[in-house]
$ cat query_30.txt   # compact mmCIF, C-alpha atoms
# COMPACT_ATOMS: atom_id res chain seq x y z
CA MET A 1 0.00 0.00 0.00
CA ASP A 2 2.22 2.76 -1.26
CA ASN A 3 1.71 6.13 0.44
CA ALA A 4 -0.87 4.67 2.83
CA LEU A 5 -1.22 6.53 6.10
CA THR A 6 -0.71 4.51 9.25
CA THR A 7 -1.00 5.48 12.89
CA ALA A 8 2.78 5.13 13.07
CA ASN A 9 3.49 7.72 10.37
CA VAL A 10 0.80 10.25 11.29
CA PRO A 11 1.70 12.63 14.15
CA SER A 12 -0.37 11.52 17.14
CA GLN A 13 -2.03 14.92 17.50
CA PHE A 14 -3.49 14.52 14.00
CA LEU A 15 -4.89 10.99 14.30
CA ALA A 16 -8.41 12.21 15.03
CA ASP A 17 -8.20 14.69 12.15
CA VAL A 18 -7.53 11.88 9.67
CA TYR A 19 -10.26 9.69 11.27
CA PHE A 20 -7.85 7.01 12.47
CA VAL A 21 -9.10 6.88 16.07
CA GLU A 22 -12.56 6.71 17.63
CA HIS A 23 -15.08 6.09 14.81
CA VAL A 24 -13.10 5.18 11.70
CA PRO A 25 -15.16 5.56 8.49
CA LEU A 26 -16.01 2.71 6.15
CA PHE A 27 -12.82 1.77 4.29
CA ALA A 28 -12.61 -0.29 1.10
CA LEU A 29 -10.24 -3.23 1.36
CA GLN A 30 -7.38 -2.29 -0.94
CA VAL A 31 -6.79 -5.77 -2.37
CA ASP A 32 -10.53 -6.26 -3.02
CA PRO A 33 -12.62 -3.06 -2.90
CA ARG A 34 -15.82 -5.10 -3.01
CA ILE A 35 -15.19 -5.71 0.70
CA SER A 36 -15.11 -2.93 3.27
CA TYR A 37 -14.67 -2.56 7.00
CA ILE A 38 -15.43 -0.22 9.89
CA LEU A 39 -13.34 0.31 13.02
CA TYR A 40 -13.82 1.80 16.43
CA VAL A 41 -10.48 2.55 18.13
CA PRO A 42 -10.69 4.13 21.61
CA ALA A 43 -8.10 6.88 21.46
CA THR A 44 -7.24 6.96 25.17
CA HIS A 45 -6.28 3.28 25.16
CA TYR A 46 -4.51 3.13 21.81
CA ASN A 47 -0.76 3.25 21.25
CA PRO A 48 -0.30 4.33 17.62
CA ASP A 49 3.24 2.94 17.35
CA PRO A 50 4.14 0.20 19.85
CA ASN A 51 7.47 -0.36 18.11
CA SER A 52 8.66 3.23 18.40
CA GLY A 53 10.79 2.65 21.47
CA THR A 54 9.25 5.65 23.24
CA SER A 55 7.65 5.61 26.67
CA ASN A 56 4.28 4.89 25.03
CA SER A 57 5.60 1.56 23.75
CA ALA A 58 4.97 0.09 27.20
CA ILE A 59 1.22 0.29 26.53
CA GLY A 60 1.41 -2.60 24.07
CA LYS A 61 -1.20 -3.56 21.52
CA LEU A 62 -4.96 -3.20 21.98
CA PRO A 63 -7.06 -6.38 21.67
CA LEU A 64 -9.37 -6.54 18.65
CA LEU A 65 -12.96 -7.78 18.73
CA VAL A 66 -14.32 -8.66 15.28
CA TYR A 67 -18.08 -8.20 14.89
CA ILE A 68 -19.59 -10.26 12.04
CA HIS A 69 -22.86 -8.89 10.66
CA GLY A 70 -25.86 -11.02 9.76
CA SER A 71 -27.94 -11.31 6.60
CA GLY A 72 -29.15 -7.72 6.88
CA ARG A 73 -25.56 -6.35 6.91
CA ASN A 74 -26.46 -4.23 9.94
CA THR A 75 -23.36 -2.83 11.65
CA VAL A 76 -25.10 -0.26 13.85
CA ALA A 77 -23.77 -1.96 17.01
CA ILE A 78 -20.30 -0.53 16.34
CA TYR A 79 -21.82 2.95 16.68
CA ASN A 80 -23.82 2.39 19.87
CA GLU A 81 -23.70 -0.43 22.43
CA LEU A 82 -20.25 -1.73 21.50
CA VAL A 83 -18.67 1.70 22.07
CA PRO A 84 -18.93 1.75 25.89
CA PHE A 85 -17.81 -1.89 25.91
CA ALA A 86 -14.72 -1.02 23.86
CA ASN A 87 -13.93 1.98 26.07
CA SER A 88 -14.27 0.11 29.35
CA THR A 89 -12.74 -3.27 28.52
CA PRO A 90 -10.68 -1.84 26.65
CA CYS A 91 -10.49 -3.13 23.09
CA ALA A 92 -11.02 -2.02 19.50
CA ILE A 93 -13.94 -3.19 17.36
CA LEU A 94 -13.67 -4.24 13.71
CA ALA A 95 -16.74 -4.87 11.55
CA PRO A 96 -16.05 -6.27 8.06
CA VAL A 97 -18.83 -5.79 5.51
CA PHE A 98 -19.59 -8.47 2.92
CA PRO A 99 -22.08 -7.00 0.42
CA ALA A 100 -25.08 -8.94 -0.80
CA GLY A 101 -25.05 -9.79 -4.50
CA MET A 102 -21.44 -10.93 -4.59
CA ASN A 103 -22.30 -14.32 -6.02
CA GLY A 104 -25.00 -13.09 -8.41
CA PRO A 105 -27.84 -10.57 -8.17
CA ASN A 106 -29.91 -12.67 -5.75
CA ASP A 107 -27.11 -13.70 -3.41
CA ILE A 108 -27.66 -13.04 0.29
CA ASP A 109 -26.02 -15.99 2.00
CA SER A 110 -22.75 -16.90 0.31
CA PHE A 111 -20.52 -15.01 2.77
CA LYS A 112 -21.80 -17.28 5.55
CA GLU A 113 -20.48 -20.39 3.79
CA LEU A 114 -16.95 -18.87 3.45
CA HIS A 115 -16.71 -20.32 -0.07
CA SER A 116 -18.45 -19.39 -3.34
CA THR A 117 -17.48 -18.96 -6.98
CA ALA A 118 -17.19 -15.21 -6.44
CA LEU A 119 -15.63 -14.89 -3.00
CA ARG A 120 -13.73 -16.68 -0.28
CA SER A 121 -15.04 -14.63 2.63
CA ASP A 122 -12.62 -16.33 5.00
CA LEU A 123 -9.67 -15.08 2.95
CA ALA A 124 -11.31 -11.68 2.65
CA LEU A 125 -11.39 -11.35 6.44
CA LEU A 126 -7.75 -12.40 6.67
CA SER A 127 -6.91 -9.69 4.11
CA VAL A 128 -8.83 -7.14 6.18
CA LEU A 129 -6.81 -8.17 9.22
CA ASP A 130 -3.57 -7.81 7.26
CA GLU A 131 -4.54 -4.31 6.15
CA VAL A 132 -5.64 -3.29 9.64
CA ALA A 133 -2.39 -4.65 11.08
CA TYR A 134 -0.40 -2.47 8.67
CA ARG A 135 -2.38 0.74 9.09
CA TRP A 136 -3.15 0.36 12.82
CA PRO A 137 0.00 -1.30 14.21
CA GLY A 138 -1.23 -0.72 17.74
CA LEU A 139 -3.97 -3.35 17.30
CA GLU A 140 -3.42 -7.03 18.04
CA THR A 141 -4.48 -8.85 14.88
CA SER A 142 -2.56 -12.11 15.06
CA ARG A 143 -5.21 -13.53 17.40
CA ILE A 144 -8.60 -11.92 17.58
CA PHE A 145 -11.87 -12.16 19.47
CA MET A 146 -15.01 -12.73 17.42
CA MET A 147 -18.75 -12.40 17.82
CA GLY A 148 -21.51 -13.11 15.31
CA PHE A 149 -25.26 -13.62 15.58
CA SER A 150 -27.63 -15.35 13.15
CA GLY A 151 -25.93 -15.12 9.73
CA GLY A 152 -22.90 -13.74 11.57
CA GLY A 153 -22.97 -16.79 13.81
CA GLN A 154 -22.88 -18.99 10.73
CA PHE A 155 -19.74 -17.26 9.45
CA ALA A 156 -18.19 -17.25 12.91
CA HIS A 157 -18.39 -20.95 13.73
CA ARG A 158 -17.20 -21.96 10.24
CA PHE A 159 -14.24 -19.57 10.57
CA LEU A 160 -13.54 -21.20 13.95
CA TYR A 161 -13.34 -24.64 12.32
CA LEU A 162 -10.81 -23.46 9.73
CA TYR A 163 -8.73 -20.91 11.67
CA PRO A 164 -8.82 -21.75 15.39
CA GLU A 165 -5.23 -20.54 15.75
CA ARG A 166 -6.38 -16.99 14.88
CA LEU A 167 -9.05 -16.89 17.61
CA ALA A 168 -8.56 -16.05 21.27
CA ALA A 169 -12.28 -16.52 22.11
CA ILE A 170 -15.53 -16.60 20.14
CA SER A 171 -19.25 -16.12 20.64
CA VAL A 172 -21.50 -17.96 18.16
CA GLY A 173 -25.05 -16.65 18.26
CA ALA A 174 -28.12 -18.53 16.93
CA PRO A 175 -26.88 -19.76 13.54
CA GLY A 176 -29.91 -21.03 11.63
CA ARG A 177 -28.14 -23.63 9.49
CA PRO A 178 -24.92 -24.72 11.21
CA THR A 179 -22.08 -26.86 9.97
CA TYR A 180 -21.79 -29.93 12.15
CA LEU A 181 -18.58 -31.88 12.71
CA ASP A 182 -19.92 -34.62 10.48
CA ASP A 183 -17.49 -36.42 8.17
CA SER A 184 -20.36 -38.01 6.23
CA GLN A 185 -21.83 -34.78 4.87
CA GLU A 186 -20.28 -32.15 2.63
CA TRP A 187 -19.81 -28.47 3.42
CA PRO A 188 -21.71 -26.44 4.54
CA VAL A 189 -23.80 -29.10 6.35
CA GLY A 190 -20.78 -31.19 7.36
CA ILE A 191 -17.01 -31.13 6.96
CA ALA A 192 -16.40 -34.11 4.64
CA ASN A 193 -14.90 -32.01 1.81
CA ALA A 194 -13.56 -29.09 3.86
CA SER A 195 -9.93 -29.87 3.06
CA THR A 196 -10.70 -29.92 -0.67
CA LEU A 197 -12.62 -26.63 -0.61
CA PHE A 198 -10.29 -24.70 1.66
CA ASN A 199 -6.99 -26.56 1.55
CA ARG A 200 -7.22 -26.69 5.33
CA THR A 201 -8.22 -29.48 7.67
CA VAL A 202 -10.59 -29.09 10.61
CA ASN A 203 -8.35 -29.70 13.61
CA THR A 204 -10.69 -30.40 16.52
CA ASP A 205 -7.81 -30.29 19.02
CA LEU A 206 -7.06 -26.68 18.06
CA VAL A 207 -10.76 -25.81 17.94
CA GLY A 208 -11.04 -27.15 21.47
CA ASP A 209 -8.32 -24.79 22.66
CA VAL A 210 -10.54 -21.77 21.89
CA PRO A 211 -13.02 -20.54 24.52
CA ILE A 212 -16.40 -20.93 22.77
CA GLN A 213 -19.80 -19.54 23.67
CA LEU A 214 -22.96 -20.80 21.98
CA VAL A 215 -25.85 -18.42 22.65
CA VAL A 216 -29.52 -18.56 21.64
CA GLY A 217 -32.85 -17.31 22.94
CA SER A 218 -35.16 -19.66 24.82
CA ASN A 219 -37.99 -18.53 22.52
CA ASP A 220 -36.01 -18.80 19.26
CA THR A 221 -38.43 -21.46 18.09
CA GLU A 222 -39.75 -20.20 14.76
CA LEU A 223 -38.43 -21.21 11.36
CA HIS A 224 -37.29 -18.61 8.86
CA GLY A 225 -39.82 -19.21 6.08
CA ASP A 226 -42.29 -22.07 5.77
CA ASP A 227 -42.17 -25.11 3.47
CA ASP A 228 -43.77 -23.16 0.62
CA PHE A 229 -41.08 -20.48 0.86
CA TRP A 230 -38.20 -22.96 0.75
CA LYS A 231 -39.82 -24.86 -2.13
CA TRP A 232 -40.26 -21.59 -4.04
CA GLU A 233 -36.66 -20.52 -3.32
CA GLN A 234 -35.24 -23.78 -4.63
CA GLU A 235 -37.42 -23.62 -7.76
CA VAL A 236 -36.35 -20.03 -8.49
CA LEU A 237 -32.74 -20.00 -7.29
CA GLY A 238 -31.86 -23.67 -7.53
CA VAL A 239 -30.34 -26.02 -5.00
CA GLY A 240 -26.85 -25.92 -3.58
CA GLY A 241 -25.18 -23.91 -0.88
CA LEU A 242 -27.03 -23.65 2.41
CA PRO A 243 -29.91 -26.10 2.77
CA PRO A 244 -33.51 -25.13 3.63
CA MET A 245 -34.05 -24.36 7.30
CA ASN A 246 -35.88 -27.38 8.72
CA GLU A 247 -35.32 -26.94 12.45
CA THR A 248 -35.54 -24.00 14.82
CA ARG A 249 -32.42 -22.17 15.89
CA LEU A 250 -32.90 -23.42 19.44
CA GLU A 251 -32.98 -26.99 18.12
CA SER A 252 -29.99 -26.52 15.82
CA MET A 253 -27.99 -24.90 18.62
CA HIS A 254 -28.53 -27.94 20.82
CA ARG A 255 -27.43 -30.15 17.90
CA LEU A 256 -24.34 -28.00 17.33
CA HIS A 257 -23.50 -28.20 21.03
CA ASP A 258 -23.88 -31.99 20.92
CA SER A 259 -21.73 -32.20 17.78
CA LEU A 260 -18.92 -30.23 19.38
CA THR A 261 -19.20 -32.14 22.65
CA HIS A 262 -19.02 -35.46 20.79
CA ALA A 263 -15.75 -34.24 19.23
CA GLY A 264 -14.35 -33.50 22.69
CA ILE A 265 -14.78 -29.73 22.40
CA GLU A 266 -16.03 -27.88 25.47
CA THR A 267 -18.41 -24.96 24.98
CA GLU A 268 -20.47 -22.64 27.12
CA LEU A 269 -24.11 -22.99 26.05
CA ASP A 270 -26.10 -19.92 27.10
CA ILE A 271 -29.85 -20.00 26.53
CA VAL A 272 -31.11 -16.48 27.17
CA ASP A 273 -34.47 -16.68 28.89
CA GLY A 274 -37.44 -14.89 27.38
CA ILE A 275 -35.99 -13.77 24.03
CA ALA A 276 -36.59 -15.08 20.54
CA HIS A 277 -34.26 -14.38 17.59
CA ASP A 278 -33.03 -11.15 19.13
CA GLU A 279 -29.40 -10.10 18.72
CA VAL A 280 -29.74 -7.02 20.92
CA GLY A 281 -31.50 -9.06 23.60
CA ALA A 282 -28.58 -11.49 23.69
CA ARG A 283 -25.90 -8.79 23.61
CA SER A 284 -25.26 -8.48 27.34
CA THR A 285 -24.82 -12.26 27.63
CA VAL A 286 -22.34 -12.22 24.75
CA LEU A 287 -20.29 -9.34 26.13
CA LYS A 288 -20.32 -10.83 29.63
CA PHE A 289 -18.69 -13.93 28.17
CA LEU A 290 -16.14 -12.11 26.02
CA GLN A 291 -15.02 -9.34 28.38
CA PRO A 292 -12.99 -11.43 30.88
CA TRP A 293 -11.22 -13.24 28.03
CA ILE A 294 -10.31 -9.94 26.39
CA GLN A 295 -9.14 -8.47 29.67
CA LYS A 296 -7.11 -11.60 30.42
CA GLY A 297 -5.07 -10.87 27.31
CA ILE A 298 -3.70 -12.97 24.51
$ encode --input "query_30.txt" --output "structure tokens"
Amino acid sequence: MDNALTTANVPSQFLADVYFVEHVPLFALQVDPRISYILYVPATHYNPDPNSGTSNSAIGKLPLLVYIHGSGRNTVAIYNELVPFANSTPCAILAPVFPAGMNGPNDIDSFKELHSTALRSDLALLSVLDEVAYRWPGLETSRIFMMGFSGGGQFAHRFLYLYPERLAAISVGAPGRPTYLDDSQEWPVGIANASTLFNRTVNTDLVGDVPIQLVVGSNDTELHGDDDFWKWEQEVLGVGGLPPMNETRLESMHRLHDSLTHAGIETELDIVDGIAHDEVGARSTVLKFLQPWIQKGI
């Protein structure tokens, strides 16, 4: 990235003026401008150049929490309830944005699968982390914390399977159509062909080293779409990719928990009483899980 500003080459008194601390505007990923990302970097806790050798270098790098949006691509949390969390924990927040329509004009879901003809969303996130590491050297990007709910939970747990070494802790919220650790079914239902698709194996020992929260509402008991909808979708859009949703998110979360447990992977299963498919309603439970891991350090 020739001539790219970084927090190490901008005088510290000008970082806010170039929008490199606090609310950072939506940036296009330089190696693939189809993808973008948003950052929140709390200025009072951020060391812009940990390698400078000055007295500020003792501050070290700020942990990074990656927020994965759902099907609606809503990233409003980075502007409201995640801000006080970032300020008090402290940590920075990164929200990558994977546009709809990447894999054709009707595409909503492909980013959740990590693999499509148009995009490897797993590699896109790794590229975002590389760019953030270069431009914000005071952020810890080698191992990150991650949270995702609904469609974001689908991306998150699949990323966990493939890149456990990059995760310091993860919260997986109410994924409607999970990938189970099932060697008899192909991706994205199982993991039989994961090594062929991604050139990576699912290492359950490494997955088990990551602190994992599974979170879902006690009333998350309605299907997204009825049988007529899924039949219509398959007739119009064809089969392939994610399967029709044939069990509630509460049911699928119990199955995912059982699948992980059967593989020897411990998880914290949190069923939030009284909420349905409600990301905001589950937020405090998610942050309560993540905060001590972030504060513990990497």
$ atom_distance --input "query_30.txt" --atom1 "atom CA of A:Gly173" --atom2 "atom CA of A:Trp230"
22.8 Å
$ atom_distance --input "query_30.txt" --atom1 "atom CA of A:Arg177" --atom2 "atom CA of A:Thr221"
13.6 Å
$ residues_around --input "query_30.txt" --residues "A:Arg135" --least-positions-apart "3" --cutoff "12 Å" --atoms "all atoms listed in the file" --output "list in words"
Met1, Asp2, Asn3, Ala4, Leu5, Thr6, Thr7, Ala8, Asn9, Val10, Leu15, Phe20, Val21, Val24, Phe27, Leu29, Gln30, Leu39, Pro48, Asp49, Val128, Leu129, Asp130, Glu131, Val132, Gly138, Leu139, Glu140 and Thr141 of chain A
$ residues_around --input "query_30.txt" --residues "A:Phe85" --least-positions-apart "3" --cutoff "12 Å" --atoms "only C-alpha atoms" --output "VMD selection string"
chain A and resid 40 to 42 65 77 to 82 88 to 93 283 to 284 286 to 288 290 to 292 294 to 295
$ residues_around --input "query_30.txt" --residues "stretch 114-120 of chain A" --least-positions-apart "5" --cutoff "12 Å" --atoms "all atoms listed in the file" --output "JSON, numbers by chain"
{"A": [32, 34, 35, 98, 99, 100, 101, 102, 103, 104, 105, 107, 108, 109, 125, 126, 127, 151, 152, 154, 155, 156, 157, 158, 159, 160, 161, 162, 163, 179, 187, 188, 193, 194, 196, 197, 198, 199, 240, 241, 242]}
$ closest_residue --input "query_30.txt" --among "A:Gly225, A:Gly208, A:Gly148, A:Gly217" --to "A:Asp273" --atoms "all atoms listed in the file"
A:Gly217
$ closest_residue --input "query_30.txt" --among "A:Ala43, A:Leu167, A:Leu269, A:Val215" --to "A:Gln13" --atoms "all atoms listed in the file"
A:Ala43
$ closest_residue --input "query_30.txt" --among "A:Ser142, A:Thr44, A:Ser171, A:Ser71" --to "A:Gln213" --atoms "all atoms listed in the file"
A:Ser171
$ closest_residue --input "query_30.txt" --among "A:Tyr134, A:Pro175, A:Asp205, A:Pro11" --to "A:Leu260" --atoms "all atoms listed in the file"
A:Asp205
$ atom_distance --input "query_30.txt" --atom1 "atom CA of A:Val18" --atom2 "atom CA of A:Ala86"
20.5 Å
$ closest_residue --input "query_30.txt" --among "A:Ala124, A:Val97, A:Leu62, A:Met253" --to "A:Gly176" --atoms "only C-alpha atoms"
A:Met253
$ closest_residue --input "query_30.txt" --among "A:Ile212, A:Thr248, A:Ser52, A:Tyr37" --to "A:Ala174" --atoms "all atoms listed in the file"
A:Thr248
$ decode --input "query_30.txt" --residues "stretch 192-293 of chain A" --atoms "C-alpha atoms" --output "mmCIF file, in the first residue's frame"
data_model
loop_
_atom_site.group_PDB
_atom_site.id
_atom_site.type_symbol
_atom_site.label_atom_id
_atom_site.label_comp_id
_atom_site.auth_asym_id
_atom_site.auth_seq_id
_atom_site.Cartn_x
_atom_site.Cartn_y
_atom_site.Cartn_z
ATOM 1 C CA ALA A 192 -16.395 -34.112 4.636
ATOM 2 C CA ASN A 193 -14.900 -32.007 1.813
ATOM 3 C CA ALA A 194 -13.557 -29.091 3.860
ATOM 4 C CA SER A 195 -9.933 -29.868 3.063
ATOM 5 C CA THR A 196 -10.703 -29.917 -0.666
ATOM 6 C CA LEU A 197 -12.619 -26.630 -0.615
ATOM 7 C CA PHE A 198 -10.294 -24.700 1.660
ATOM 8 C CA ASN A 199 -6.985 -26.562 1.554
ATOM 9 C CA ARG A 200 -7.218 -26.690 5.333
ATOM 10 C CA THR A 201 -8.225 -29.481 7.668
ATOM 11 C CA VAL A 202 -10.588 -29.091 10.607
ATOM 12 C CA ASN A 203 -8.349 -29.699 13.610
ATOM 13 C CA THR A 204 -10.688 -30.404 16.521
ATOM 14 C CA ASP A 205 -7.807 -30.287 19.021
ATOM 15 C CA LEU A 206 -7.056 -26.681 18.055
ATOM 16 C CA VAL A 207 -10.765 -25.807 17.941
ATOM 17 C CA GLY A 208 -11.045 -27.152 21.471
ATOM 18 C CA ASP A 209 -8.323 -24.786 22.665
ATOM 19 C CA VAL A 210 -10.542 -21.769 21.889
ATOM 20 C CA PRO A 211 -13.023 -20.544 24.521
ATOM 21 C CA ILE A 212 -16.396 -20.926 22.774
ATOM 22 C CA GLN A 213 -19.802 -19.544 23.674
ATOM 23 C CA LEU A 214 -22.962 -20.799 21.984
ATOM 24 C CA VAL A 215 -25.852 -18.422 22.650
ATOM 25 C CA VAL A 216 -29.524 -18.558 21.642
ATOM 26 C CA GLY A 217 -32.848 -17.307 22.937
ATOM 27 C CA SER A 218 -35.160 -19.660 24.817
ATOM 28 C CA ASN A 219 -37.990 -18.535 22.524
ATOM 29 C CA ASP A 220 -36.015 -18.797 19.259
ATOM 30 C CA THR A 221 -38.431 -21.465 18.093
ATOM 31 C CA GLU A 222 -39.750 -20.203 14.757
ATOM 32 C CA LEU A 223 -38.430 -21.208 11.359
ATOM 33 C CA HIS A 224 -37.289 -18.606 8.862
ATOM 34 C CA GLY A 225 -39.820 -19.210 6.081
ATOM 35 C CA ASP A 226 -42.290 -22.071 5.766
ATOM 36 C CA ASP A 227 -42.175 -25.113 3.474
ATOM 37 C CA ASP A 228 -43.775 -23.163 0.623
ATOM 38 C CA PHE A 229 -41.075 -20.476 0.856
ATOM 39 C CA TRP A 230 -38.197 -22.956 0.751
ATOM 40 C CA LYS A 231 -39.818 -24.859 -2.130
ATOM 41 C CA TRP A 232 -40.261 -21.593 -4.036
ATOM 42 C CA GLU A 233 -36.663 -20.517 -3.317
ATOM 43 C CA GLN A 234 -35.244 -23.778 -4.628
ATOM 44 C CA GLU A 235 -37.415 -23.617 -7.756
ATOM 45 C CA VAL A 236 -36.354 -20.026 -8.492
ATOM 46 C CA LEU A 237 -32.740 -19.998 -7.289
ATOM 47 C CA GLY A 238 -31.862 -23.670 -7.525
ATOM 48 C CA VAL A 239 -30.343 -26.017 -4.996
ATOM 49 C CA GLY A 240 -26.848 -25.925 -3.578
ATOM 50 C CA GLY A 241 -25.181 -23.914 -0.879
ATOM 51 C CA LEU A 242 -27.030 -23.648 2.410
ATOM 52 C CA PRO A 243 -29.914 -26.098 2.774
ATOM 53 C CA PRO A 244 -33.508 -25.125 3.628
ATOM 54 C CA MET A 245 -34.051 -24.364 7.296
ATOM 55 C CA ASN A 246 -35.882 -27.376 8.720
ATOM 56 C CA GLU A 247 -35.324 -26.945 12.450
ATOM 57 C CA THR A 248 -35.542 -24.002 14.822
ATOM 58 C CA ARG A 249 -32.420 -22.173 15.891
ATOM 59 C CA LEU A 250 -32.898 -23.424 19.438
ATOM 60 C CA GLU A 251 -32.980 -26.991 18.116
ATOM 61 C CA SER A 252 -29.994 -26.518 15.824
ATOM 62 C CA MET A 253 -27.986 -24.895 18.620
ATOM 63 C CA HIS A 254 -28.533 -27.936 20.820
ATOM 64 C CA ARG A 255 -27.432 -30.152 17.900
ATOM 65 C CA LEU A 256 -24.336 -27.999 17.331
ATOM 66 C CA HIS A 257 -23.497 -28.200 21.031
ATOM 67 C CA ASP A 258 -23.876 -31.987 20.915
ATOM 68 C CA SER A 259 -21.726 -32.201 17.775
ATOM 69 C CA LEU A 260 -18.919 -30.234 19.381
ATOM 70 C CA THR A 261 -19.199 -32.144 22.650
ATOM 71 C CA HIS A 262 -19.020 -35.459 20.790
ATOM 72 C CA ALA A 263 -15.755 -34.245 19.229
ATOM 73 C CA GLY A 264 -14.355 -33.503 22.692
ATOM 74 C CA ILE A 265 -14.781 -29.728 22.396
ATOM 75 C CA GLU A 266 -16.029 -27.875 25.465
ATOM 76 C CA THR A 267 -18.414 -24.956 24.977
ATOM 77 C CA GLU A 268 -20.466 -22.639 27.123
ATOM 78 C CA LEU A 269 -24.107 -22.994 26.051
ATOM 79 C CA ASP A 270 -26.097 -19.924 27.105
ATOM 80 C CA ILE A 271 -29.852 -20.001 26.531
ATOM 81 C CA VAL A 272 -31.113 -16.484 27.168
ATOM 82 C CA ASP A 273 -34.471 -16.679 28.891
ATOM 83 C CA GLY A 274 -37.438 -14.887 27.380
ATOM 84 C CA ILE A 275 -35.990 -13.769 24.028
ATOM 85 C CA ALA A 276 -36.588 -15.076 20.538
ATOM 86 C CA HIS A 277 -34.259 -14.377 17.588
ATOM 87 C CA ASP A 278 -33.025 -11.149 19.126
ATOM 88 C CA GLU A 279 -29.396 -10.099 18.717
ATOM 89 C CA VAL A 280 -29.741 -7.021 20.922
ATOM 90 C CA GLY A 281 -31.498 -9.059 23.597
ATOM 91 C CA ALA A 282 -28.575 -11.487 23.686
ATOM 92 C CA ARG A 283 -25.902 -8.788 23.613
ATOM 93 C CA SER A 284 -25.259 -8.475 27.339
ATOM 94 C CA THR A 285 -24.815 -12.257 27.628
ATOM 95 C CA VAL A 286 -22.340 -12.217 24.751
ATOM 96 C CA LEU A 287 -20.289 -9.335 26.130
ATOM 97 C CA LYS A 288 -20.317 -10.833 29.634
ATOM 98 C CA PHE A 289 -18.692 -13.933 28.169
ATOM 99 C CA LEU A 290 -16.142 -12.109 26.024
ATOM 100 C CA GLN A 291 -15.019 -9.342 28.383
ATOM 101 C CA PRO A 292 -12.990 -11.430 30.884
ATOM 102 C CA TRP A 293 -11.221 -13.241 28.030
#
